[in-house]
file model-v5.cif (mmCIF, C-alpha atoms and all ligand atoms)
data_coords
#
loop_
_atom_site.label_atom_id
_atom_site.label_comp_id
_atom_site.auth_asym_id
_atom_site.auth_seq_id
_atom_site.Cartn_x
_atom_site.Cartn_y
_atom_site.Cartn_z
CA SER A 2 17.46 5.31 -15.66
CA LYS A 3 19.60 4.30 -12.70
CA VAL A 4 23.40 4.19 -12.58
CA VAL A 5 25.61 2.54 -9.96
CA VAL A 6 28.66 4.66 -9.16
CA SER A 7 31.30 2.80 -7.15
CA GLY A 8 33.61 4.68 -4.79
CA ALA A 9 30.94 7.35 -4.47
CA ASN A 10 32.82 9.46 -1.92
CA GLY A 11 35.79 10.02 -4.25
CA PHE A 12 36.85 13.26 -5.97
CA ILE A 13 35.83 12.10 -9.46
CA ALA A 14 32.83 9.99 -8.43
CA MET A 15 31.13 12.91 -6.67
CA TRP A 16 31.28 14.96 -9.88
CA VAL A 17 30.12 11.97 -11.93
CA MET A 18 27.11 11.60 -9.64
CA ARG A 19 26.37 15.31 -9.68
CA ASP A 20 26.44 15.41 -13.47
CA LEU A 21 24.17 12.36 -13.68
CA LEU A 22 21.69 13.73 -11.13
CA GLU A 23 21.63 17.10 -12.89
CA HIS A 24 20.77 15.27 -16.10
CA GLY A 25 17.81 13.43 -14.57
CA TYR A 26 19.41 10.07 -13.75
CA SER A 27 18.95 8.18 -10.52
CA VAL A 28 22.19 7.16 -8.85
CA ARG A 29 23.12 4.34 -6.52
CA GLY A 30 26.50 5.12 -4.99
CA THR A 31 28.63 2.53 -3.22
CA VAL A 32 30.79 3.45 -0.23
CA ARG A 33 32.91 1.42 2.18
CA SER A 34 30.99 2.48 5.30
CA ALA A 35 27.71 4.19 6.16
CA GLN A 36 29.70 6.99 7.75
CA LYS A 37 31.40 7.78 4.42
CA GLY A 38 27.93 8.19 2.92
CA GLU A 39 26.70 10.82 5.37
CA TYR A 40 28.31 13.78 3.66
CA ILE A 41 27.14 12.55 0.25
CA SER A 42 23.51 12.31 1.40
CA LYS A 43 23.67 15.85 2.75
CA TYR A 44 25.38 17.23 -0.36
CA PHE A 45 22.73 15.75 -2.68
CA ALA A 46 19.75 16.13 -0.28
CA GLU A 47 17.71 18.05 -2.88
CA TYR A 48 17.58 14.92 -5.08
CA GLY A 49 15.72 12.88 -2.44
CA SER A 50 15.16 9.26 -3.42
CA LYS A 51 16.98 9.75 -6.74
CA LEU A 52 20.15 9.09 -4.75
CA GLU A 53 20.63 5.80 -2.93
CA LEU A 54 23.77 4.76 -1.10
CA VAL A 55 24.79 1.19 -0.39
CA VAL A 56 27.69 -0.06 1.67
CA VAL A 57 30.13 -2.40 -0.06
CA GLU A 58 32.62 -2.97 2.69
CA ASP A 59 35.26 -4.92 0.82
CA ILE A 60 35.29 -4.75 -2.97
CA THR A 61 37.81 -7.60 -3.15
CA LYS A 62 35.34 -10.11 -1.68
CA GLU A 63 33.61 -12.43 -4.09
CA GLY A 64 30.09 -11.26 -4.82
CA ALA A 65 30.70 -7.92 -3.07
CA PHE A 66 28.67 -5.98 -5.66
CA ASP A 67 25.90 -8.60 -6.17
CA GLU A 68 23.23 -6.61 -4.35
CA ALA A 69 24.45 -3.23 -5.57
CA VAL A 70 24.00 -3.98 -9.28
CA LYS A 71 20.47 -5.41 -9.12
CA GLY A 72 17.86 -3.51 -11.10
CA VAL A 73 20.11 -0.80 -12.53
CA ASP A 74 20.71 0.27 -16.14
CA ALA A 75 24.39 1.10 -16.05
CA ILE A 76 27.52 1.16 -13.91
CA ALA A 77 30.33 3.68 -13.59
CA HIS A 78 33.14 1.90 -11.77
CA THR A 79 35.58 4.39 -10.26
CA ALA A 80 36.58 2.77 -6.94
CA SER A 81 40.29 1.96 -6.91
CA PRO A 82 43.24 2.81 -4.66
CA VAL A 83 45.06 5.93 -5.86
CA TYR A 84 48.62 6.20 -4.54
CA THR A 85 47.71 4.60 -1.24
CA THR A 86 50.24 2.69 0.85
CA GLY A 87 50.25 -1.07 0.57
CA ASP A 88 48.72 -3.20 -2.16
CA MET A 89 47.08 -1.25 -4.98
CA VAL A 90 47.11 -3.96 -7.62
CA GLY A 91 44.95 -6.50 -5.74
CA PRO A 92 42.02 -4.19 -4.91
CA ALA A 93 42.09 -2.56 -8.36
CA VAL A 94 41.95 -5.86 -10.23
CA LYS A 95 39.65 -7.76 -7.86
CA GLY A 96 37.29 -4.79 -7.50
CA THR A 97 37.00 -4.36 -11.26
CA ILE A 98 36.57 -8.02 -12.13
CA GLY A 99 34.28 -8.38 -9.13
CA ILE A 100 31.84 -5.70 -10.24
CA LEU A 101 31.80 -7.13 -13.78
CA HIS A 102 31.13 -10.56 -12.35
CA SER A 103 28.22 -9.24 -10.30
CA ALA A 104 26.90 -7.52 -13.42
CA LEU A 105 27.15 -10.81 -15.31
CA ARG A 106 25.16 -12.66 -12.69
CA PHE A 107 22.69 -10.07 -11.43
CA GLY A 108 22.72 -7.20 -13.92
CA GLN A 109 20.22 -8.37 -16.53
CA SER A 110 18.94 -4.82 -17.00
CA ILE A 111 22.43 -3.33 -17.44
CA LYS A 112 23.28 -1.95 -20.88
CA ARG A 113 26.61 -0.19 -20.40
CA ILE A 114 29.48 -0.28 -17.94
CA VAL A 115 32.00 2.53 -17.87
CA TYR A 116 35.31 1.86 -16.18
CA THR A 117 37.56 4.72 -15.07
CA SER A 118 41.00 3.55 -16.11
CA SER A 119 43.85 6.04 -16.46
CA GLY A 120 46.42 7.63 -18.70
CA SER A 121 48.79 5.68 -16.45
CA ALA A 122 47.62 2.53 -18.21
CA VAL A 123 48.54 4.13 -21.55
CA ILE A 124 51.88 5.94 -21.25
CA ARG A 125 55.30 4.42 -20.74
CA GLU A 126 58.65 5.96 -19.87
CA VAL A 127 60.16 7.46 -23.02
CA ASP A 128 63.30 9.47 -23.74
CA GLN A 129 61.77 11.78 -26.31
CA PRO A 130 58.43 13.58 -26.59
CA THR A 131 55.84 11.02 -27.64
CA THR A 132 52.14 11.22 -28.46
CA PHE A 133 50.14 8.35 -27.00
CA THR A 134 46.88 6.99 -28.33
CA GLU A 135 44.33 4.39 -27.30
CA GLU A 136 46.57 1.77 -28.94
CA ASP A 137 49.22 2.20 -26.25
CA TRP A 138 49.59 0.15 -23.08
CA ASN A 139 51.96 0.72 -20.19
CA LEU A 140 53.42 -2.78 -20.23
CA LYS A 141 56.77 -1.45 -19.01
CA ALA A 142 55.19 -0.70 -15.64
CA VAL A 143 53.85 -4.24 -15.40
CA ASP A 144 57.28 -5.68 -16.23
CA ALA A 145 58.89 -3.50 -13.57
CA PHE A 146 56.25 -4.58 -11.05
CA LYS A 147 56.81 -8.25 -11.84
CA GLU A 148 60.51 -7.76 -11.27
CA GLN A 149 60.29 -5.64 -8.11
CA GLY A 150 57.06 -6.82 -6.46
CA ASP A 151 56.36 -5.16 -3.11
CA ASN A 152 59.60 -3.18 -3.42
CA ALA A 153 58.37 -1.41 -6.54
CA SER A 154 57.80 2.35 -6.31
CA ASN A 155 54.29 3.65 -5.75
CA ILE A 156 54.25 4.95 -9.32
CA VAL A 157 54.98 1.48 -10.67
CA LYS A 158 52.39 -0.09 -8.37
CA TYR A 159 49.69 2.40 -9.29
CA ARG A 160 50.37 2.20 -13.02
CA THR A 161 50.39 -1.58 -12.87
CA SER A 162 47.10 -1.58 -10.96
CA LYS A 163 45.46 0.43 -13.72
CA VAL A 164 46.92 -1.64 -16.58
CA LEU A 165 46.00 -4.99 -15.05
CA ALA A 166 42.52 -3.89 -13.98
CA GLU A 167 41.75 -2.51 -17.42
CA GLN A 168 43.20 -5.51 -19.25
CA GLY A 169 41.24 -7.75 -16.91
CA ALA A 170 38.05 -5.90 -17.76
CA TRP A 171 38.55 -6.25 -21.52
CA SER A 172 39.37 -9.97 -21.17
CA PHE A 173 36.28 -10.49 -19.01
CA VAL A 174 34.06 -8.92 -21.64
CA LYS A 175 35.63 -11.00 -24.40
CA GLU A 176 35.30 -14.20 -22.44
CA HIS A 177 31.66 -13.58 -21.54
CA GLN A 178 30.52 -11.76 -24.67
CA HIS A 179 27.68 -14.21 -25.29
CA ASP A 180 26.39 -14.10 -21.73
CA ILE A 181 26.21 -10.38 -21.00
CA SER A 182 23.52 -7.84 -21.77
CA TRP A 183 25.96 -4.93 -21.57
CA ASP A 184 29.07 -3.62 -23.21
CA LEU A 185 32.12 -1.86 -21.79
CA THR A 186 33.52 1.61 -22.34
CA VAL A 187 36.82 2.57 -20.76
CA VAL A 188 37.74 6.20 -20.08
CA ASN A 189 41.44 6.96 -19.60
CA PRO A 190 41.84 10.34 -17.90
CA THR A 191 45.16 12.05 -17.34
CA PHE A 192 45.86 14.07 -14.13
CA VAL A 193 42.49 15.31 -12.85
CA PHE A 194 42.31 18.77 -11.31
CA GLY A 195 39.54 21.23 -10.47
CA PRO A 196 37.23 22.16 -7.58
CA ALA A 197 36.41 19.47 -5.03
CA ILE A 198 32.88 18.62 -3.94
CA HIS A 199 33.67 15.48 -1.94
CA GLU A 200 34.21 15.56 1.81
CA VAL A 201 37.47 17.41 2.42
CA ALA A 202 38.46 18.78 5.82
CA ASP A 203 41.67 20.56 4.86
CA PRO A 204 44.21 20.59 2.00
CA THR A 205 46.03 17.56 3.37
CA SER A 206 42.87 15.46 3.07
CA LEU A 207 42.34 16.23 -0.61
CA ASN A 208 42.63 13.25 -2.95
CA PHE A 209 46.01 12.60 -4.55
CA SER A 210 45.80 14.71 -7.72
CA ALA A 211 43.96 17.70 -6.19
CA ARG A 212 46.40 17.67 -3.27
CA LEU A 213 49.35 17.82 -5.64
CA PHE A 214 47.74 20.82 -7.32
CA TYR A 215 47.20 22.61 -4.02
CA ASN A 216 50.72 21.87 -2.79
CA HIS A 217 52.40 23.08 -5.95
CA VAL A 218 50.18 25.92 -7.06
CA ALA A 219 48.65 27.40 -3.89
CA ASP A 220 51.02 26.67 -1.00
CA PRO A 221 53.91 29.13 -0.73
CA ALA A 222 55.66 26.84 1.75
CA LYS A 223 56.34 24.61 -1.21
CA SER A 224 57.30 27.38 -3.62
CA ASP A 225 61.08 26.81 -3.37
CA GLU A 226 60.51 23.22 -4.29
CA VAL A 227 58.25 24.31 -7.13
CA ALA A 228 60.84 26.75 -8.41
CA LYS A 229 63.36 23.93 -8.58
CA GLN A 230 60.93 21.54 -10.21
CA SER A 231 59.69 24.06 -12.70
CA LEU A 232 63.14 24.07 -14.25
CA SER A 233 62.95 20.36 -14.78
CA ASN A 234 60.84 18.45 -17.25
CA THR A 235 57.97 17.85 -14.86
CA VAL A 236 55.27 18.13 -17.46
CA TYR A 237 52.25 15.89 -17.70
CA THR A 238 48.78 16.26 -19.10
CA TRP A 239 45.59 17.16 -17.26
CA ILE A 240 41.79 17.31 -17.44
CA ASP A 241 39.21 19.29 -15.45
CA VAL A 242 37.18 16.99 -13.18
CA ARG A 243 33.96 18.50 -14.59
CA ASP A 244 34.99 17.60 -18.13
CA LEU A 245 35.78 14.12 -16.91
CA SER A 246 32.37 13.68 -15.29
CA GLU A 247 30.80 14.79 -18.55
CA ALA A 248 32.96 12.26 -20.39
CA HIS A 249 31.63 9.54 -18.09
CA ARG A 250 28.00 10.54 -18.74
CA ARG A 251 28.57 10.70 -22.47
CA ALA A 252 30.34 7.35 -22.33
CA LEU A 253 27.19 5.95 -20.68
CA GLU A 254 24.85 7.57 -23.19
CA THR A 255 26.62 7.24 -26.53
CA PRO A 256 25.89 3.99 -28.37
CA GLU A 257 29.09 4.25 -30.47
CA ALA A 258 31.19 4.38 -27.30
CA GLY A 259 30.47 0.69 -26.61
CA GLY A 260 33.61 -1.42 -26.74
CA GLU A 261 35.85 1.65 -26.96
CA ARG A 262 38.85 2.78 -24.97
CA ILE A 263 38.82 6.59 -24.85
CA ILE A 264 41.52 8.97 -23.64
CA ALA A 265 40.12 11.99 -21.76
CA SER A 266 42.77 14.70 -21.64
CA THR A 267 42.95 18.46 -22.15
CA GLY A 268 46.64 19.04 -22.74
CA PRO A 269 50.08 19.37 -21.17
CA TRP A 270 50.99 21.44 -18.14
CA SER A 271 53.92 22.23 -15.94
CA TRP A 272 53.38 23.48 -12.41
CA GLN A 273 54.74 26.85 -13.45
CA ASN A 274 51.98 27.20 -16.08
CA PHE A 275 49.37 26.86 -13.35
CA ILE A 276 51.27 29.17 -10.97
CA ASP A 277 51.45 31.86 -13.66
CA THR A 278 47.77 31.36 -14.47
CA ALA A 279 46.85 31.71 -10.78
CA ASN A 280 48.93 34.88 -10.48
CA SER A 281 47.23 36.43 -13.49
CA LEU A 282 43.66 35.79 -12.28
CA ASP A 283 41.54 38.92 -12.20
CA PRO A 284 40.39 39.53 -9.51
CA PRO A 285 43.34 37.88 -7.72
CA PRO A 286 42.40 34.99 -5.41
CA GLN A 287 42.12 35.98 -1.73
CA LEU A 288 43.74 33.06 0.06
CA SER A 289 45.01 32.98 3.62
CA LYS A 290 48.57 32.71 2.31
CA PRO A 291 50.33 34.61 -0.48
CA LEU A 292 50.45 32.82 -3.83
CA PRO A 293 53.70 31.09 -4.80
CA ARG A 294 55.44 32.71 -7.76
CA GLY A 295 57.99 30.06 -8.70
CA ASN A 296 59.96 31.20 -11.74
CA PRO A 297 57.43 33.18 -13.78
CA GLY A 298 57.41 32.38 -17.47
CA VAL A 299 59.63 29.33 -17.51
CA GLY A 300 56.70 26.93 -17.95
CA SER A 301 56.59 27.50 -21.68
CA GLN A 302 60.20 26.32 -22.01
CA HIS A 303 59.36 22.88 -20.71
CA SER A 304 58.91 20.02 -23.07
CA CYS A 305 56.24 17.46 -22.43
CA MET A 306 57.31 13.83 -22.88
CA HIS A 307 53.81 12.35 -22.72
CA TYR A 308 51.35 13.94 -25.11
CA PHE A 309 47.90 12.37 -25.47
CA ASP A 310 45.86 12.31 -28.64
CA ASN A 311 42.32 13.25 -27.49
CA THR A 312 40.69 13.26 -30.93
CA LYS A 313 38.78 10.06 -30.24
CA SER A 314 37.07 11.68 -27.24
CA GLN A 315 36.04 14.59 -29.45
CA ARG A 316 34.83 12.35 -32.26
CA ILE A 317 32.90 9.76 -30.23
CA LEU A 318 31.91 11.67 -27.09
CA GLY A 319 31.80 15.18 -28.56
CA MET A 320 34.15 16.36 -25.83
CA LYS A 321 35.20 19.99 -25.54
CA TYR A 322 37.73 20.76 -22.85
CA ARG A 323 37.80 23.59 -20.34
CA SER A 324 40.81 25.91 -20.40
CA MET A 325 43.61 26.11 -17.87
CA ALA A 326 42.35 29.59 -16.91
CA GLU A 327 38.83 28.36 -16.17
CA MET A 328 39.97 25.35 -14.16
CA THR A 329 42.49 27.41 -12.17
CA ARG A 330 39.98 30.21 -11.48
CA ASP A 331 37.31 27.82 -10.23
CA THR A 332 39.75 25.80 -8.15
CA PHE A 333 41.01 28.93 -6.41
CA ALA A 334 37.41 30.10 -5.88
CA ASP A 335 36.86 26.76 -4.13
CA TYR A 336 39.94 27.32 -1.90
CA GLU A 337 38.73 30.83 -1.11
CA ALA A 338 35.26 29.59 -0.15
CA ARG A 339 36.88 27.08 2.22
CA GLY A 340 39.00 29.80 3.82
CA TRP A 341 42.30 28.16 2.80
P1 LIG B 1 39.80 9.30 -4.71
O1 LIG B 1 40.92 8.86 -3.84
O2 LIG B 1 39.14 10.60 -4.42
O3 LIG B 1 38.67 8.19 -4.77
C1 LIG B 1 38.97 6.83 -4.79
C2 LIG B 1 37.71 6.05 -4.46
O4 LIG B 1 38.04 4.66 -4.53
C3 LIG B 1 37.20 6.32 -3.04
O5 LIG B 1 35.82 6.20 -3.02
C4 LIG B 1 37.86 5.20 -2.26
O6 LIG B 1 37.15 4.83 -1.09
C5 LIG B 1 37.79 4.07 -3.26
N1 LIG B 1 38.79 3.08 -2.93
C6 LIG B 1 40.13 3.22 -2.89
N2 LIG B 1 40.73 2.08 -2.51
C7 LIG B 1 39.73 1.20 -2.29
C8 LIG B 1 39.70 -0.16 -1.85
N3 LIG B 1 40.81 -0.82 -1.57
N4 LIG B 1 38.50 -0.74 -1.74
C9 LIG B 1 37.36 -0.05 -2.00
N5 LIG B 1 37.33 1.20 -2.42
C10 LIG B 1 38.50 1.82 -2.56
O7 LIG B 1 40.40 9.27 -6.16
P2 LIG B 1 39.91 9.83 -7.58
O8 LIG B 1 38.52 10.29 -7.52
O9 LIG B 1 40.95 10.74 -8.04
O10 LIG B 1 40.01 8.50 -8.46
C11 LIG B 1 38.89 7.78 -8.91
C12 LIG B 1 39.30 6.88 -10.06
O11 LIG B 1 39.87 7.66 -11.11
C13 LIG B 1 40.35 5.82 -9.71
O12 LIG B 1 40.01 4.63 -10.37
C14 LIG B 1 41.62 6.40 -10.30
O13 LIG B 1 42.54 5.38 -10.64
C15 LIG B 1 41.11 7.12 -11.51
N6 LIG B 1 41.98 8.18 -12.01
C16 LIG B 1 42.24 9.29 -11.24
C17 LIG B 1 43.06 10.29 -11.72
C18 LIG B 1 43.35 11.54 -10.95
O14 LIG B 1 44.23 12.32 -11.37
N7 LIG B 1 42.65 11.82 -9.87
C19 LIG B 1 43.70 10.18 -13.05
C20 LIG B 1 43.36 8.98 -13.75
C21 LIG B 1 42.53 8.03 -13.24
P3 LIG B 1 37.67 5.23 0.37
O15 LIG B 1 37.45 6.71 0.50
O16 LIG B 1 36.84 4.44 1.27
O17 LIG B 1 39.13 4.87 0.43
#

call {"tool": "encode", "arguments": {"input": "model-v5.cif", "output": "structure tokens", "more": "lines below"}}
Ligand code: NDP
result
Amino acid sequence: SKVVVSGANGFIAMWVMRDLLEHGYSVRGTVRSAQKGEYISKYFAEYGSKLELVVVEDITKEGAFDEAVKGVDAIAHTASPVYTTGDMVGPAVKGTIGILHSALRFGQSIKRIVYTSSGSAVIREVDQPTTFTEEDWNLKAVDAFKEQGDNASNIVKYRTSKVLAEQGAWSFVKEHQHDISWDLTVVNPTFVFGPAIHEVADPTSLNFSARLFYNHVADPAKSDEVAKQSLSNTVYTWIDVRDLSEAHRRALETPEAGGERIIASTGPWSWQNFIDTANSLDPPPQLSKPLPRGNPGVGSQHSCMHYFDNTKSQRILGMKYRSMAEMTRDTFADYEARGW
């Protein structure tokens, strides 16, 4: 069967497509320009006509995805601005509703749509450690955005974009439940790390989450900053990009996943945990710069404020999560191979 993957040149989308192709699916990726597709075609050349690329120049335009969704069996919608400058809410919401609308009108063969939402749509600011589940919504971010508008911080804008796009998707499905051939599954990943297979020229051109990882865990120029931060409560939760791509495929394949919101998350981390893990790799990574050391050992003293309950992902999708050691090892192997 054939799956549309929007935002095909992204960090997560490339792994989603790779996992699908490796499991025998055909993939139709959407990109914003033909030029952005060139690297993808080369990377997946061995799959021949099993990979198609189509240009969807502006996902906010009405009917933008009409052609892209014709004749396919499923959609994985990942395209959305991630900590970009300017408006994030508009493209996130319009792109998501737009692709659903195209699926309503032209996707008669579609059975399942998977939308990549985020843990950002789940958590809210709290003053004590809290475990979040699929019942939780980050409405505080939306309130802050309504109050602050364009002056809101990028965190507030991004979180709002993910809440409103996901809420919009659920409302769309409810409103059109009698007219659609498909159902919706939403995956809510936390910070996504791991090796990159999308087009990346240098560390500064990594996507947002992978760039943060490189800056904090591999770049000694930042190590003073890291040492300071690692004494603070900078602890979030993470998932390996390869586990996330598997979660997307399972979300597409598993009948019981229809209509479900599913958190995809491995567990908490602080930067110092990753730094210590990198420093204990055997053999040690051979990078062009020495590894940062931060403040060895202090990571375990940090308390996480935002825990995620991932039992639903295990129950419905059968997810098993890679370890911190495996993700860190493979990410550093990727840096090494790139000569960083
Ligand atoms: P990337 O930045 O690598 O990929 C984002 C993709 O979305 C790119 O293909 C990009 O295209 C496209 N895109 C961004 N803005 C627009 C726009 N205005 N119009 C059309 N396309 C656009 O990010 P990730 O792979 O990390 O993120 C993919 C999805 O996963 C997003 O929905 C994100 O919210 C979600 N997510 C990511 C997490 C993470 O830690 N990485 C955590 C939780 C959720 P182009 O290259 O042309 O800009």

call {"tool": "residues_near_ligand", "arguments": {"input": "model-v5.cif", "ligand": "ligand LIG 1 (chain B)", "cutoff": "8 Å", "atoms": "all atoms listed in the file", "output": "PyMOL selection string"}}
result
chain A and resi 7-15+32-34+37+57-61+78-83+85+89+92-93+96+116-121+159+163+189-194+199+207-211+239

call {"tool": "closest_residue", "arguments": {"input": "model-v5.cif", "among": "A:Gly260, A:Gly268, A:Pro293, A:Pro196", "to": "Ala334 of chain A", "atoms": "all atoms listed in the file"}}
result
A:Pro196

call {"tool": "closest_residue", "arguments": {"input": "model-v5.cif", "among": "A:Ser154, A:Ser246, A:Asn311, A:Gln109", "to": "Pro269 of chain A", "atoms": "only C-alpha atoms"}}
result
A:Asn311

call {"tool": "residues_around", "arguments": {"input": "model-v5.cif", "residues": "segment 140-150 of chain A", "least_positions_apart": "3", "cutoff": "9 Å", "atoms": "all atoms listed in the file", "output": "VMD selection string"}}
result
chain A and resid 122 to 126 137 153 to 154 156 to 162 164 to 165

call {"tool": "write_last_selection", "arguments": {"input": "model-v5.cif", "atoms": "C-alpha atoms", "output": "PDB file, in the frame of the given file"}}
result
ATOM      1  CA  ALA A 122      47.620   2.530 -18.210  1.00  0.00           C
ATOM      2  CA  VAL A 123      48.540   4.130 -21.550  1.00  0.00           C
ATOM      3  CA  ILE A 124      51.880   5.940 -21.250  1.00  0.00           C
ATOM      4  CA  ARG A 125      55.300   4.420 -20.740  1.00  0.00           C
ATOM      5  CA  GLU A 126      58.650   5.960 -19.870  1.00  0.00           C
ATOM      6  CA  ASP A 137      49.220   2.200 -26.250  1.00  0.00           C
ATOM      7  CA  ALA A 153      58.370  -1.410  -6.540  1.00  0.00           C
ATOM      8  CA  SER A 154      57.800   2.350  -6.310  1.00  0.00           C
ATOM      9  CA  ILE A 156      54.250   4.950  -9.320  1.00  0.00           C
ATOM     10  CA  VAL A 157      54.980   1.480 -10.670  1.00  0.00           C
ATOM     11  CA  LYS A 158      52.390  -0.090  -8.370  1.00  0.00           C
ATOM     12  CA  TYR A 159      49.690   2.400  -9.290  1.00  0.00           C
ATOM     13  CA  ARG A 160      50.370   2.200 -13.020  1.00  0.00           C
ATOM     14  CA  THR A 161      50.390  -1.580 -12.870  1.00  0.00           C
ATOM     15  CA  SER A 162      47.100  -1.580 -10.960  1.00  0.00           C
ATOM     16  CA  VAL A 164      46.920  -1.640 -16.580  1.00  0.00           C
ATOM     17  CA  LEU A 165      46.000  -4.990 -15.050  1.00  0.00           C
TER      18      LEU A 165
END

call {"tool": "residues_around", "arguments": {"input": "model-v5.cif", "residues": "Asp244 of chain A", "least_positions_apart": "3", "cutoff": "8 Å", "atoms": "only C-alpha atoms", "output": "VMD selection string"}}
result
chain A and resid 240 to 241 247 to 248 320 to 323

call {"tool": "write_last_selection", "arguments": {"input": "model-v5.cif", "atoms": "C-alpha atoms", "output": "mmCIF file, keeping the file's coordinate frame"}}
result
data_model
loop_
_atom_site.group_PDB
_atom_site.id
_atom_site.type_symbol
_atom_site.label_atom_id
_atom_site.label_comp_id
_atom_site.auth_asym_id
_atom_site.auth_seq_id
_atom_site.Cartn_x
_atom_site.Cartn_y
_atom_site.Cartn_z
ATOM 1 C CA ILE A 240 41.790 17.310 -17.440
ATOM 2 C CA ASP A 241 39.210 19.290 -15.450
ATOM 3 C CA GLU A 247 30.800 14.790 -18.550
ATOM 4 C CA ALA A 248 32.960 12.260 -20.390
ATOM 5 C CA MET A 320 34.150 16.360 -25.830
ATOM 6 C CA LYS A 321 35.200 19.990 -25.540
ATOM 7 C CA TYR A 322 37.730 20.760 -22.850
ATOM 8 C CA ARG A 323 37.800 23.590 -20.340
#

call {"tool": "residues_near_point", "arguments": {"input": "model-v5.cif", "point": "(24.3, 10.2, 2.6)", "cutoff": "10 Å", "atoms": "only C-alpha atoms", "output": "PyMOL selection string"}}
result
chain A and resi 10+30+32+35-46+52-55

call {"tool": "atom_distance", "arguments": {"input": "model-v5.cif", "atom1": "atom CA of Trp183 of chain A", "atom2": "atom CA of Arg113 of chain A"}}
result
4.9 Å

call {"tool": "closest_residue", "arguments": {"input": "model-v5.cif", "among": "A:Gln287, A:Gln302, A:Thr31, A:Asn152", "to": "Val5 of chain A", "atoms": "all atoms listed in the file"}}
result
A:Thr31
